[in-house]
Every structure is written in C-alpha cells, then in structure tokens.
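**Student:** Enclosed is the structure file final28.cif (mmCIF, C-alpha atoms and all ligand atoms).
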```
data_my_file
loop_
_atom_site.label_atom_id
_atom_site.label_comp_id
_atom_site.auth_asym_id
_atom_site.auth_seq_id
_atom_site.Cartn_x
_atom_site.Cartn_y
_atom_site.Cartn_z
CA MET L 1 -25.45 8.85 7.27
CA SER L 2 -24.77 7.55 10.76
CA GLU L 3 -21.67 9.01 12.39
CA SER L 4 -20.38 5.55 13.08
CA MET L 5 -20.11 4.89 9.34
CA ARG L 6 -17.66 7.79 8.89
CA VAL L 7 -14.07 6.70 8.41
CA LEU L 8 -11.05 8.97 8.27
CA VAL L 9 -8.84 7.78 5.40
CA THR L 10 -5.39 9.36 5.65
CA GLY L 11 -3.51 9.27 2.34
CA GLY L 12 -6.83 8.69 0.60
CA ALA L 13 -5.64 10.47 -2.54
CA GLY L 14 -2.83 7.95 -3.00
CA TYR L 15 -2.74 4.70 -4.94
CA ILE L 16 -4.10 2.24 -2.35
CA GLY L 17 -5.96 4.85 -0.28
CA SER L 18 -8.12 6.07 -3.19
CA GLN L 19 -9.04 2.50 -4.14
CA THR L 20 -10.00 1.84 -0.52
CA ALA L 21 -12.05 5.05 -0.29
CA LYS L 22 -14.02 3.76 -3.28
CA ALA L 23 -14.49 0.32 -1.68
CA LEU L 24 -15.63 1.93 1.59
CA ALA L 25 -18.20 4.10 -0.20
CA GLU L 26 -19.49 1.05 -2.06
CA ALA L 27 -19.78 -0.86 1.24
CA GLY L 28 -21.94 1.88 2.77
CA PHE L 29 -19.25 3.74 4.74
CA GLU L 30 -18.60 7.46 4.43
CA PRO L 31 -14.89 8.10 3.81
CA VAL L 32 -13.37 11.42 4.88
CA VAL L 33 -10.07 11.74 3.04
CA LEU L 34 -7.16 13.58 4.67
CA ASP L 35 -4.20 14.08 2.33
CA ASP L 36 -1.41 16.63 1.92
CA PHE L 37 -0.95 15.79 -1.79
CA SER L 38 2.77 15.28 -1.33
CA SER L 39 2.43 12.25 -3.61
CA GLY L 40 -1.34 11.85 -4.02
CA HIS L 41 -3.48 13.04 -6.91
CA ARG L 42 -6.56 15.24 -7.03
CA TRP L 43 -8.05 13.00 -9.71
CA ALA L 44 -7.88 10.10 -7.26
CA ALA L 45 -9.74 11.85 -4.40
CA LYS L 46 -13.21 11.14 -5.75
CA TRP L 47 -14.89 9.41 -2.84
CA GLY L 48 -16.00 11.27 0.27
CA LYS L 49 -15.21 14.66 1.72
CA LEU L 50 -11.65 15.92 1.23
CA VAL L 51 -9.57 17.60 3.93
CA GLU L 52 -6.25 18.95 2.67
CA GLY L 53 -3.37 18.82 5.14
CA SER L 54 -0.91 16.69 7.03
CA VAL L 55 -1.34 13.93 9.61
CA SER L 56 1.33 15.75 11.59
CA ASP L 57 -0.94 18.78 12.02
CA ALA L 58 -2.51 18.28 15.46
CA VAL L 59 -4.82 21.28 15.12
CA LEU L 60 -6.18 20.10 11.78
CA LEU L 61 -6.65 16.57 13.11
CA ARG L 62 -8.57 17.82 16.13
CA LYS L 63 -10.85 19.90 13.90
CA THR L 64 -11.33 17.02 11.45
CA PHE L 65 -12.34 14.57 14.18
CA ARG L 66 -14.63 17.16 15.77
CA GLU L 67 -16.40 18.06 12.54
CA SER L 68 -16.56 14.62 10.94
CA ARG L 69 -17.18 12.70 14.17
CA ALA L 70 -15.29 9.82 12.55
CA ARG L 71 -14.51 7.12 15.10
CA SER L 72 -12.47 4.84 12.83
CA VAL L 73 -9.32 5.50 10.83
CA ILE L 74 -7.58 3.80 7.92
CA HIS L 75 -4.06 5.17 7.85
CA PHE L 76 -2.25 5.07 4.50
CA ALA L 77 -0.47 8.46 4.65
CA GLY L 78 3.28 8.20 4.56
CA VAL L 79 6.41 8.18 2.47
CA ILE L 80 7.14 4.93 0.67
CA GLN L 81 10.49 4.91 -1.16
CA VAL L 82 12.88 2.38 0.39
CA GLY L 83 15.91 3.80 -1.45
CA GLU L 84 15.18 7.37 -0.36
CA SER L 85 14.80 6.17 3.23
CA MET L 86 18.41 4.89 3.15
CA ARG L 87 19.59 8.40 2.22
CA ASP L 88 17.19 10.38 4.40
CA PRO L 89 16.06 8.32 7.42
CA HIS L 90 14.92 11.45 9.29
CA LYS L 91 12.18 12.08 6.74
CA TYR L 92 10.87 8.53 7.19
CA PHE L 93 10.84 8.52 10.98
CA GLN L 94 9.39 12.04 11.04
CA ILE L 95 6.51 11.46 8.63
CA ASN L 96 5.80 7.77 9.12
CA THR L 97 6.47 7.30 12.82
CA VAL L 98 6.18 10.73 14.48
CA GLY L 99 3.31 11.64 12.12
CA THR L 100 1.45 8.51 13.21
CA MET L 101 1.96 9.42 16.87
CA ALA L 102 0.22 12.74 16.21
CA LEU L 103 -2.65 10.84 14.62
CA LEU L 104 -2.89 8.38 17.52
CA GLU L 105 -2.96 11.22 20.02
CA ALA L 106 -5.73 12.97 18.10
CA MET L 107 -7.66 9.69 18.00
CA ARG L 108 -7.25 9.26 21.75
CA GLU L 109 -8.51 12.78 22.39
CA ALA L 110 -11.49 12.28 20.06
CA GLY L 111 -12.38 8.86 21.44
CA ALA L 112 -11.72 7.18 18.06
CA ARG L 113 -10.80 3.60 18.87
CA ASN L 114 -10.32 1.68 15.62
CA ILE L 115 -7.36 1.97 13.28
CA VAL L 116 -6.28 -0.06 10.25
CA PHE L 117 -2.66 0.69 9.43
CA SER L 118 -0.68 0.25 6.18
CA SER L 119 2.29 -1.79 7.27
CA SER L 120 4.62 -3.58 4.91
CA ALA L 121 6.50 -6.80 4.18
CA ALA L 122 9.55 -4.54 4.58
CA ILE L 123 9.32 -5.05 8.35
CA TYR L 124 10.66 -8.61 7.92
CA GLY L 125 13.98 -7.66 6.31
CA ASN L 126 15.82 -10.57 4.71
CA PRO L 127 13.58 -13.63 5.06
CA ILE L 128 14.91 -16.77 6.67
CA LYS L 129 12.27 -18.91 4.98
CA VAL L 130 10.49 -18.80 1.64
CA SER L 131 6.90 -18.36 2.74
CA ILE L 132 6.80 -15.65 5.42
CA PRO L 133 4.33 -16.00 8.32
CA GLU L 134 3.46 -13.09 10.61
CA ASP L 135 5.63 -14.45 13.44
CA HIS L 136 8.72 -14.43 11.22
CA PRO L 137 11.49 -12.32 12.88
CA ALA L 138 10.98 -8.61 12.18
CA LEU L 139 14.42 -7.26 11.34
CA PRO L 140 14.00 -4.44 8.81
CA VAL L 141 16.95 -3.57 6.60
CA SER L 142 15.80 -0.03 5.76
CA PRO L 143 14.58 3.02 7.69
CA TYR L 144 11.34 2.68 5.72
CA GLY L 145 10.73 -0.82 7.12
CA GLU L 146 11.89 0.28 10.57
CA SER L 147 9.47 3.24 10.54
CA LYS L 148 6.59 0.83 9.84
CA LEU L 149 7.68 -1.61 12.54
CA MET L 150 7.91 1.24 15.07
CA VAL L 151 4.30 2.15 14.31
CA GLU L 152 3.24 -1.48 14.85
CA ARG L 153 4.88 -1.32 18.28
CA LEU L 154 3.08 1.97 19.04
CA LEU L 155 -0.23 0.35 18.11
CA GLN L 156 0.42 -2.59 20.44
CA TRP L 157 1.20 -0.33 23.41
CA TYR L 158 -1.72 2.02 22.70
CA GLY L 159 -3.87 -1.08 22.65
CA VAL L 160 -2.58 -2.27 26.01
CA ALA L 161 -2.76 1.11 27.73
CA TYR L 162 -5.62 2.97 26.06
CA GLY L 163 -7.78 0.24 24.57
CA LEU L 164 -6.98 1.14 20.95
CA GLN L 165 -8.18 -1.55 18.56
CA TRP L 166 -5.86 -1.96 15.61
CA MET L 167 -4.94 -4.00 12.60
CA ALA L 168 -1.55 -3.74 10.90
CA LEU L 169 -1.88 -4.96 7.32
CA ARG L 170 1.50 -5.98 5.94
CA TYR L 171 1.18 -5.62 2.18
CA PHE L 172 3.49 -7.45 -0.14
CA ASN L 173 3.62 -5.89 -3.66
CA ALA L 174 0.53 -3.78 -4.34
CA CYS L 175 -0.21 -3.56 -8.06
CA GLY L 176 -2.92 -3.51 -10.71
CA ALA L 177 -5.49 -0.83 -11.48
CA ASP L 178 -9.20 -0.12 -11.69
CA PRO L 179 -9.50 1.45 -15.16
CA GLU L 180 -13.30 1.67 -15.00
CA ALA L 181 -13.00 3.91 -11.91
CA GLY L 182 -10.09 5.87 -13.40
CA LEU L 183 -7.72 4.67 -10.67
CA GLY L 184 -4.20 3.32 -11.06
CA GLU L 185 -0.61 3.52 -9.91
CA ALA L 186 1.22 6.81 -10.56
CA HIS L 187 4.13 7.25 -8.16
CA HIS L 188 6.79 9.90 -8.88
CA PRO L 189 9.43 8.64 -9.03
CA GLU L 190 8.10 5.17 -9.82
CA SER L 191 10.04 2.32 -8.25
CA HIS L 192 7.55 -0.52 -8.67
CA LEU L 193 8.17 -3.20 -11.26
CA ILE L 194 4.86 -3.46 -13.13
CA PRO L 195 4.44 0.26 -13.94
CA LEU L 196 8.12 0.38 -14.95
CA VAL L 197 7.75 -2.59 -17.32
CA ILE L 198 4.61 -1.02 -18.78
CA ALA L 199 6.36 2.35 -19.22
CA ALA L 200 9.16 0.62 -21.15
CA THR L 201 6.62 -1.20 -23.31
CA LEU L 202 4.78 2.05 -24.04
CA GLY L 203 8.06 3.71 -25.04
CA GLN L 204 7.97 6.11 -22.08
CA ARG L 205 11.42 4.87 -21.07
CA SER L 206 14.08 3.16 -23.12
CA ASN L 207 14.05 -0.07 -21.11
CA VAL L 208 13.42 -1.64 -17.74
CA GLU L 209 16.37 -2.67 -15.63
CA VAL L 210 16.41 -6.24 -14.35
CA TYR L 211 18.30 -6.14 -11.05
CA GLY L 212 20.01 -9.50 -10.68
CA THR L 213 19.82 -12.48 -12.99
CA ASP L 214 21.85 -14.85 -10.82
CA TYR L 215 19.43 -15.43 -7.94
CA PRO L 216 18.78 -19.03 -6.88
CA THR L 217 15.35 -18.94 -8.56
CA PRO L 218 14.18 -20.91 -11.63
CA ASP L 219 14.98 -18.11 -14.12
CA GLY L 220 17.58 -16.29 -12.00
CA THR L 221 15.46 -13.17 -11.37
CA ALA L 222 13.88 -12.12 -8.07
CA ILE L 223 10.48 -13.39 -7.01
CA ARG L 224 7.78 -11.26 -5.36
CA ASP L 225 4.18 -11.75 -4.23
CA TYR L 226 1.92 -9.46 -6.30
CA ILE L 227 -1.46 -8.51 -4.89
CA HIS L 228 -4.14 -6.57 -6.79
CA VAL L 229 -5.02 -3.18 -5.30
CA VAL L 230 -8.74 -4.02 -5.58
CA ASP L 231 -8.16 -7.09 -3.37
CA LEU L 232 -6.19 -4.94 -0.93
CA ALA L 233 -9.02 -2.41 -0.75
CA GLU L 234 -11.47 -5.21 0.02
CA ALA L 235 -9.23 -6.45 2.84
CA HIS L 236 -9.34 -2.98 4.43
CA VAL L 237 -13.13 -2.94 4.45
CA LYS L 238 -13.09 -6.39 6.05
CA ALA L 239 -10.46 -5.32 8.61
CA LEU L 240 -12.55 -2.32 9.58
CA ARG L 241 -15.65 -4.45 10.01
CA HIS L 242 -13.63 -6.93 12.07
CA LEU L 243 -12.56 -4.18 14.50
CA ARG L 244 -16.01 -2.60 14.68
CA ASP L 245 -17.43 -6.03 15.53
CA GLY L 246 -15.00 -6.28 18.45
CA GLY L 247 -12.51 -8.60 16.71
CA GLU L 248 -9.02 -9.06 18.05
CA SER L 249 -6.23 -6.58 17.20
CA CYS L 250 -3.43 -8.19 15.16
CA ALA L 251 -1.02 -7.98 12.24
CA LEU L 252 -1.87 -9.74 8.97
CA ASN L 253 0.08 -10.40 5.80
CA LEU L 254 -1.72 -9.39 2.61
CA GLY L 255 -0.43 -11.34 -0.35
CA THR L 256 -1.49 -14.27 -2.50
CA GLY L 257 0.96 -16.81 -1.11
CA SER L 258 2.60 -17.39 -4.47
CA GLY L 259 5.33 -15.49 -6.23
CA HIS L 260 6.32 -14.41 -9.75
CA SER L 261 9.77 -13.63 -11.08
CA VAL L 262 10.73 -10.41 -12.85
CA ARG L 263 10.87 -12.30 -16.15
CA GLU L 264 7.39 -13.76 -15.56
CA VAL L 265 6.04 -10.25 -14.98
CA MET L 266 7.69 -9.06 -18.20
CA ALA L 267 6.13 -11.97 -20.09
CA ALA L 268 2.71 -11.10 -18.64
CA VAL L 269 3.09 -7.49 -19.84
CA ALA L 270 4.07 -8.74 -23.29
CA ARG L 271 0.92 -10.89 -23.36
CA ALA L 272 -1.36 -8.07 -22.17
CA SER L 273 0.09 -5.53 -24.59
CA GLY L 274 0.41 -7.78 -27.62
CA HIS L 275 4.12 -6.90 -27.86
CA ARG L 276 6.54 -9.70 -28.54
CA SER L 277 8.87 -8.66 -25.71
CA VAL L 278 9.70 -5.83 -23.32
CA PRO L 279 12.85 -3.72 -23.79
CA SER L 280 15.03 -4.64 -20.81
CA ARG L 281 18.61 -4.45 -19.58
CA ASP L 282 20.22 -6.89 -17.15
CA VAL L 283 22.13 -5.15 -14.35
CA PRO L 284 23.67 -6.40 -11.08
CA ARG L 285 21.59 -7.14 -7.98
CA ARG L 286 20.69 -4.23 -5.70
CA GLU L 287 21.98 -4.45 -2.17
CA GLY L 288 19.32 -5.63 0.26
CA ASP L 289 17.03 -7.16 -2.40
CA PRO L 290 16.25 -10.73 -1.30
CA ALA L 291 15.81 -13.51 -3.88
CA SER L 292 12.23 -14.15 -2.88
CA LEU L 293 9.52 -12.43 -0.81
CA VAL L 294 6.30 -14.42 -0.62
CA ALA L 295 3.59 -14.17 2.04
CA ASP L 296 2.12 -16.93 4.07
CA ALA L 297 -1.31 -15.34 3.74
CA SER L 298 -3.29 -17.97 5.63
CA ARG L 299 -3.92 -15.85 8.73
CA ALA L 300 -5.73 -13.12 6.74
CA ARG L 301 -7.87 -15.79 5.15
CA ARG L 302 -8.75 -17.16 8.58
CA VAL L 303 -9.27 -13.89 10.46
CA LEU L 304 -10.93 -11.81 7.74
CA ASP L 305 -12.31 -14.51 5.47
CA TRP L 306 -10.36 -12.68 2.74
CA ILE L 307 -9.48 -14.49 -0.45
CA PRO L 308 -7.92 -12.45 -3.27
CA GLN L 309 -10.23 -12.49 -6.30
CA HIS L 310 -8.27 -10.46 -8.87
CA SER L 311 -4.65 -11.34 -8.22
CA SER L 312 -3.67 -13.73 -11.00
CA ILE L 313 -0.63 -12.14 -12.63
CA ASP L 314 -2.50 -11.85 -15.95
CA GLU L 315 -5.49 -10.03 -14.43
CA ILE L 316 -3.19 -7.69 -12.49
CA VAL L 317 -1.09 -6.83 -15.51
CA ALA L 318 -4.04 -6.54 -17.91
CA SER L 319 -5.77 -4.03 -15.61
CA ALA L 320 -2.57 -2.00 -15.16
CA TRP L 321 -1.81 -2.08 -18.88
CA LYS L 322 -5.31 -0.85 -19.75
CA TRP L 323 -5.08 2.03 -17.28
CA HIS L 324 -1.57 3.16 -18.29
CA ALA L 325 -2.29 2.90 -22.02
CA GLU L 326 -5.47 4.97 -21.60
CA LYS L 327 -3.60 7.55 -19.50
CA GLN L 328 -0.96 7.87 -22.22
CA ARG L 329 -3.64 8.24 -24.88
CA LEU L 330 -5.40 11.02 -22.93
CA GLU L 331 -2.14 12.83 -22.16
CA SER L 332 -0.98 12.75 -25.78
CA ARG L 333 -4.32 14.28 -26.82
CA ASP L 334 -4.01 17.23 -24.39
N1 LIG I 1 2.47 0.36 -2.80
C1 LIG I 1 2.93 -0.72 -2.16
O1 LIG I 1 3.28 -1.74 -2.78
C2 LIG I 1 2.99 -0.74 -0.65
C3 LIG I 1 3.52 -1.88 -0.03
C4 LIG I 1 3.57 -1.92 1.37
C5 LIG I 1 3.08 -0.85 2.12
N2 LIG I 1 2.59 0.25 1.49
C6 LIG I 1 2.10 1.37 2.31
O2 LIG I 1 0.78 1.69 1.91
C7 LIG I 1 0.55 3.09 2.08
C8 LIG I 1 0.00 3.64 0.79
O3 LIG I 1 0.93 3.39 -0.28
P1 LIG I 1 0.66 3.91 -1.75
O4 LIG I 1 1.39 3.02 -2.68
O5 LIG I 1 -0.80 4.13 -1.93
O6 LIG I 1 1.43 5.31 -1.69
P2 LIG I 1 1.01 6.74 -2.26
O7 LIG I 1 2.25 7.58 -2.23
O8 LIG I 1 0.29 6.61 -3.55
O9 LIG I 1 -0.01 7.25 -1.17
C9 LIG I 1 0.37 7.90 0.03
C10 LIG I 1 -0.57 9.07 0.23
O10 LIG I 1 -0.29 9.70 1.46
C11 LIG I 1 -0.23 11.09 1.29
N3 LIG I 1 0.64 11.61 2.34
C12 LIG I 1 1.98 11.39 2.50
N4 LIG I 1 2.42 11.99 3.63
C13 LIG I 1 1.34 12.57 4.20
C14 LIG I 1 1.14 13.32 5.39
N5 LIG I 1 2.15 13.59 6.22
N6 LIG I 1 -0.10 13.78 5.67
C15 LIG I 1 -1.14 13.51 4.82
N7 LIG I 1 -1.01 12.81 3.68
C16 LIG I 1 0.21 12.35 3.39
C17 LIG I 1 0.28 11.28 -0.12
O11 LIG I 1 -0.02 12.56 -0.68
C18 LIG I 1 -0.42 10.14 -0.85
O12 LIG I 1 -1.69 10.53 -1.31
C19 LIG I 1 1.87 3.70 2.51
O13 LIG I 1 1.85 3.89 3.90
C20 LIG I 1 2.89 2.64 2.12
O14 LIG I 1 4.03 2.68 2.95
C21 LIG I 1 2.53 0.33 0.12
#
```
Mind converting the file's structure to structure tokens?
Ligand SMILES: NC(=O)c1ccc[n+]([C@@H]2O[C@H](COP(=O)([O-])OP(=O)(O)OC[C@H]3O[C@@H](n4cnc5c(N)ncnc54)[C@H](O)[C@@H]3O)[C@@H](O)[C@H]2O)c1

**Tutor:**
Amino acid sequence: MSESMRVLVTGGAGYIGSQTAKALAEAGFEPVVLDDFSSGHRWAAKWGKLVEGSVSDAVLLRKTFRESRARSVIHFAGVIQVGESMRDPHKYFQINTVGTMALLEAMREAGARNIVFSSSAAIYGNPIKVSIPEDHPALPVSPYGESKLMVERLLQWYGVAYGLQWMALRYFNACGADPEAGLGEAHHPESHLIPLVIAATLGQRSNVEVYGTDYPTPDGTAIRDYIHVVDLAEAHVKALRHLRDGGESCALNLGTGSGHSVREVMAAVARASGHRSVPSRDVPRREGDPASLVADASRARRVLDWIPQHSSIDEIVASAWKWHAEKQRLESRD
C-alpha cells in the first residue's frame, strides 16, 4: 500500500469514525485508527491498524506519524455532549480545542498537510433563518459549539501561515446504522433522538421525552435535519480526495436540506418496528433548543459532488431499528 493512501482517523472507534474507516478501506485507502476508547467501542474498530491513546499525547502522535507515514488526517476524536459542556466547559475546550492543537502541531512536524475535521451545526447557535448556509453568523450557545468553532479558526490560521489544507464538515444530525457491517450508534449516555425513540419502542426505557410541543412548527415539535451516517462517511472520502487533488480549503454543511419533526421521527420508528405508537411523554422545551435546524446543503453538493443516497427518514430509521433490535437480541442471549 502506498504511504500516501494511509489516513490517520482519530476517533475511528466511534460512531461516525468507524463508519468512515470502513468507507476509506472500501475506497482503497488504508485507515490508521487512533482512539482512546473514552466513548468508542472495540467492536467498531474493525478497519485498519489500531493505535490506542489520546490525540493530546504529543509523543504518541509523533510516533504514530513516524511509523504510519500517514500524510492525511480525518479528525473525529472529541467529546460530544452539549449538556455536559454547559456544566464542564473546561473538559470541552481541553479535549476538543487544545487536543486538536496538539494534533495540528504533530501534523506540522510530520509534514502532514491535509485534515478533514468533524465540525457541527452547533457552531451557528440560534439560527436567524430557516435554511442555514455556511456564511450564517457563527454564534454558538454552548461550550461544545464554541470548542468546534475555535478549531475552525485554528484551521484557517494554520492554512494561512503553514499551508495546511483543511475541510471543516459541519454535520447536522448524524443517524442511521449499517447493520450488515455491525455498525451503529451506541453513545453512553445517549442524547440523540432516534436511538432514544428506538430504546423506548424496544422497552429499554419507559418512554421518550418530547421536549417542547408548542414550537411554531406544523405539529408543534422541533425540526431537525437528519443525515445517514453512511452518507456522512461518503462525504469524508470525497473531502479527502478533494484536498489531495489540491481543492480549496473550506467549511461545508452536511445535511439533506429538509427537516423532520420529533413526531415525524416517532411515526417513522412506529412504521419500521411495526408498533402502533411509541411510548412518549410531553415535557417543556429545553433552553437553547431552536424550533428548527435545517442545512442549506448546496455548497457540499457543488464542491464535493455529494448527494445523500440513504437519508430518507424511513431508510435512516429502518437501518437504525434493525441494528438496535439485533443488538438487543444478541445481548439477551448472552
Ligand atoms: N453524532 C452527531 O450527530 C454529530 C454531529 C455533529 C458533530 N459531530 C462530531 O463528530 C465527531 C464524532 O462524533 P460521534 O457521534 O461519532 O461520537 P463518538 O463519541 O461515537 O466518537 C468519538 C470518538 O472519539 C474518541 N475520543 C474522544 N476523545 C478522544 C481523545 N482525546 N483522543 C482519542 N480519541 C478520543 C472516542 O473514544 C470515540 O471513539 C465528534 O467530534 C462530534 O463532535 C457529531
């Protein structure tokens, strides 16, 4: 395998990172996964060599770049709970922002010039328009979102000063699973809607809480842009190719451009599972949760020629349902 096909995938044992490691391997790249297993899973680290440790460990990074000779990086590693970031901002700036600086320094030393970074729609804060383009004001309302925006700024300045080539991919709501590959979403604690609705339907929790039923949306519940993890993984492969071909550094939204309400997601889970309804409980809105978060995803389509192929709400939910139901079946057998 040519050295130039080696890609360091930080957080490659996590939900989106493992799916991307698989997509990279299928596209002829050689992923080298670096993960500290703080939230990742050994069962998910199936593609490429595994290095166990932290992105904050400069010595380990130096050794990993020297031995792997990877010259490109896809950087997923980080902490992801918005609510926790409100209570413990230090953890978020330390791991997400300072940790990324250690990675960028190691890249500079090793002569690795390409990086694709997991940014987030959380950098926008409360949207001032329904469909959010990349030049929408970036005013995060959580330390999580702020930590991601700070990294985007670091990337820009490293680009200007050191010639780093970068892409910041701002995901909206990652979801869905790849049951055939044994990959799916298993965050602890889980804060994402689809796995929570599925857990309630499978009887793993008594109900799912619906935060806010008085939003100015057709059914009163909040609307989000759900994007299948397999489509996200594909976008990373395309982003990497774009940089390796000398394409321009930039930030891109990754979403479908259309949104679904909480009640629509619950109805999709009911359809996929064959249950008549999902046990749920209406509770007040959470502070800082906007009525609607939907991407203007046209720039990614233009720059990467990326069109989501698996992101209808029914395909997303059916894949996630299949994976979670199978996981429950296997766990109850053990
Ligand atoms: N899931 C989403 O909807 C979503 C949306 C927007 C952005 N993102 C971003 O995408 C990335 C991946 O998210 P995910 O849902 O796959 O999360 P995840 O928790 O499943 O994956 C993160 C991985 O990083 C590893 N990790 C954490 N800190 C590390 C460190 N210091 N050194 C090495 N490894 C470390 C974890 O063990 C885990 O395997 C994150 O950066 C997240 O902020 C996710």

**Student:** Point out the residue among L:Glu146, L:Asp178, L:Asp245, L:Glu185 with the least atom-to-atom distance to ligand LIG 1 (chain I), counting all atoms listed in the file.

**Tutor:** L:Glu185

**Student:** Using only C-alpha atoms for the distances, tell me which of L:Asp282, L:Val151, L:Gly159, L:Asp334 is nearest to Thr213 in chain L.

**Tutor:**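 Under the stated criterion, the closest residue is L:Asp282.
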
**Student:** Considering only C-alpha atoms and all ligand atoms, give me a table of residues in chain L that are at most 8 Å from ligand LIG 1 (chain I), with the closest atom pair and distance in Å for each, as CSV.

**Tutor:**
```
residue,atom,partner,partner_atom,distance
L:Thr10,CA,I:LIG1,N7,5.9
L:Gly11,CA,I:LIG1,O10,3.4
L:Gly12,CA,I:LIG1,O12,5.8
L:Ala13,CA,I:LIG1,O12,4.1
L:Gly14,CA,I:LIG1,O12,3.3
L:Tyr15,CA,I:LIG1,O5,3.6
L:Ile16,CA,I:LIG1,O5,3.8
L:Gly17,CA,I:LIG1,O5,5.5
L:Ser18,CA,I:LIG1,O5,7.7
L:Leu34,CA,I:LIG1,C15,6.0
L:Asp35,CA,I:LIG1,N7,3.7
L:Asp36,CA,I:LIG1,N7,4.2
L:Phe37,CA,I:LIG1,O11,3.5
L:Ser38,CA,I:LIG1,O11,4.0
L:Ser39,CA,I:LIG1,O11,3.8
L:Gly40,CA,I:LIG1,O12,3.0
L:His41,CA,I:LIG1,O12,6.4
L:Glu52,CA,I:LIG1,C15,7.8
L:Gly53,CA,I:LIG1,C15,5.8
L:Ser54,CA,I:LIG1,N6,3.3
L:Val55,CA,I:LIG1,N6,4.1
L:Ser56,CA,I:LIG1,N5,5.8
L:His75,CA,I:LIG1,O13,7.2
L:Phe76,CA,I:LIG1,C7,4.2
L:Ala77,CA,I:LIG1,O10,3.4
L:Gly78,CA,I:LIG1,N4,4.0
L:Val79,CA,I:LIG1,C12,5.5
L:Ile80,CA,I:LIG1,O14,4.5
L:Gln81,CA,I:LIG1,O14,8.0
L:Ile95,CA,I:LIG1,N5,5.4
L:Asn96,CA,I:LIG1,N5,7.5
L:Gly99,CA,I:LIG1,N5,6.3
L:Phe117,CA,I:LIG1,O13,7.8
L:Ser118,CA,I:LIG1,O2,4.7
L:Ser119,CA,I:LIG1,C5,5.3
L:Ser120,CA,I:LIG1,C4,4.0
L:Ala121,CA,I:LIG1,C4,6.3
L:Ala122,CA,I:LIG1,C4,7.3
L:Tyr144,CA,I:LIG1,O14,7.8
L:Lys148,CA,I:LIG1,O14,7.6
L:Arg170,CA,I:LIG1,C4,6.5
L:Tyr171,CA,I:LIG1,C4,4.5
L:Phe172,CA,I:LIG1,C3,5.6
L:Asn173,CA,I:LIG1,O1,4.3
L:Ala174,CA,I:LIG1,O1,3.8
L:Cys175,CA,I:LIG1,O1,6.6
L:Glu185,CA,I:LIG1,O8,7.1
L:Ala186,CA,I:LIG1,O8,7.1
L:His187,CA,I:LIG1,O8,6.0
L:His192,CA,I:LIG1,O1,7.4
```

**Student:** What's the separation between CA of Val9 in chain L and CA of Val33 in chain L, in Å to one decimal place?

**Tutor:** 4.8 Å

**Student:** Could you check the closest approach to Arg263 in chain L for each of L:Val141, L:Ile132, L:Val59, L:Val278 and tell me which residue wins, using all atoms listed in the file?

**Tutor:** L:Val278

**Student:** How many Å separate CA of Ala102 in chain L from CA of Ala138 in chain L?

**Tutor:**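 Separation between CA of Ala102 in chain L and CA of Ala138 in chain L: 24.2 Å.
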
**Student:** Go ahead and compute the interatomic distance for CA of Val98 in chain L and CA of Leu139 in chain L, in Å to one decimal.

**Tutor:** 20.0 Å

**Student:** Excluding range 317-322 of chain L and its own-chain neighbours fewer than 2 positions away, which residues fall within 10 Å of it when counting all atoms listed in the file? Please give them as JSON, numbers by chain.

**Tutor:** {"L": [175, 176, 177, 178, 179, 180, 183, 184, 185, 194, 195, 197, 198, 199, 201, 202, 228, 265, 266, 267, 268, 269, 270, 271, 272, 273, 310, 311, 312, 313, 314, 315, 324, 325, 326, 327]}

**Student:** Restricting the calculation to only C-alpha atoms, which member of L:Glu26, L:Asp305, L:Glu331, L:Asp57 is positioned closest to His242 in chain L?

**Tutor:**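 Closest to His242 in chain L, using only C-alpha atoms: L:Asp305.
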
**Student:** Can you pull out every residue within 12 Å of Gln309 in chain L, counting only C-alpha atoms, but drop anything in the same chain fewer than 3 positions away, and send it as a PyMOL selection string?

**Tutor:** chain L and resi 227-235+255-256+306+312-313+315-316

**Student:** Set the distance at 12 Å and use only C-alpha atoms: which residues neighbour Arg285 in chain L once local chain neighbours fewer than 4 positions away are removed? I'd like the list as an MDAnalysis selection string.

**Tutor:** chainID L and resid 209:215 220:222 289:291
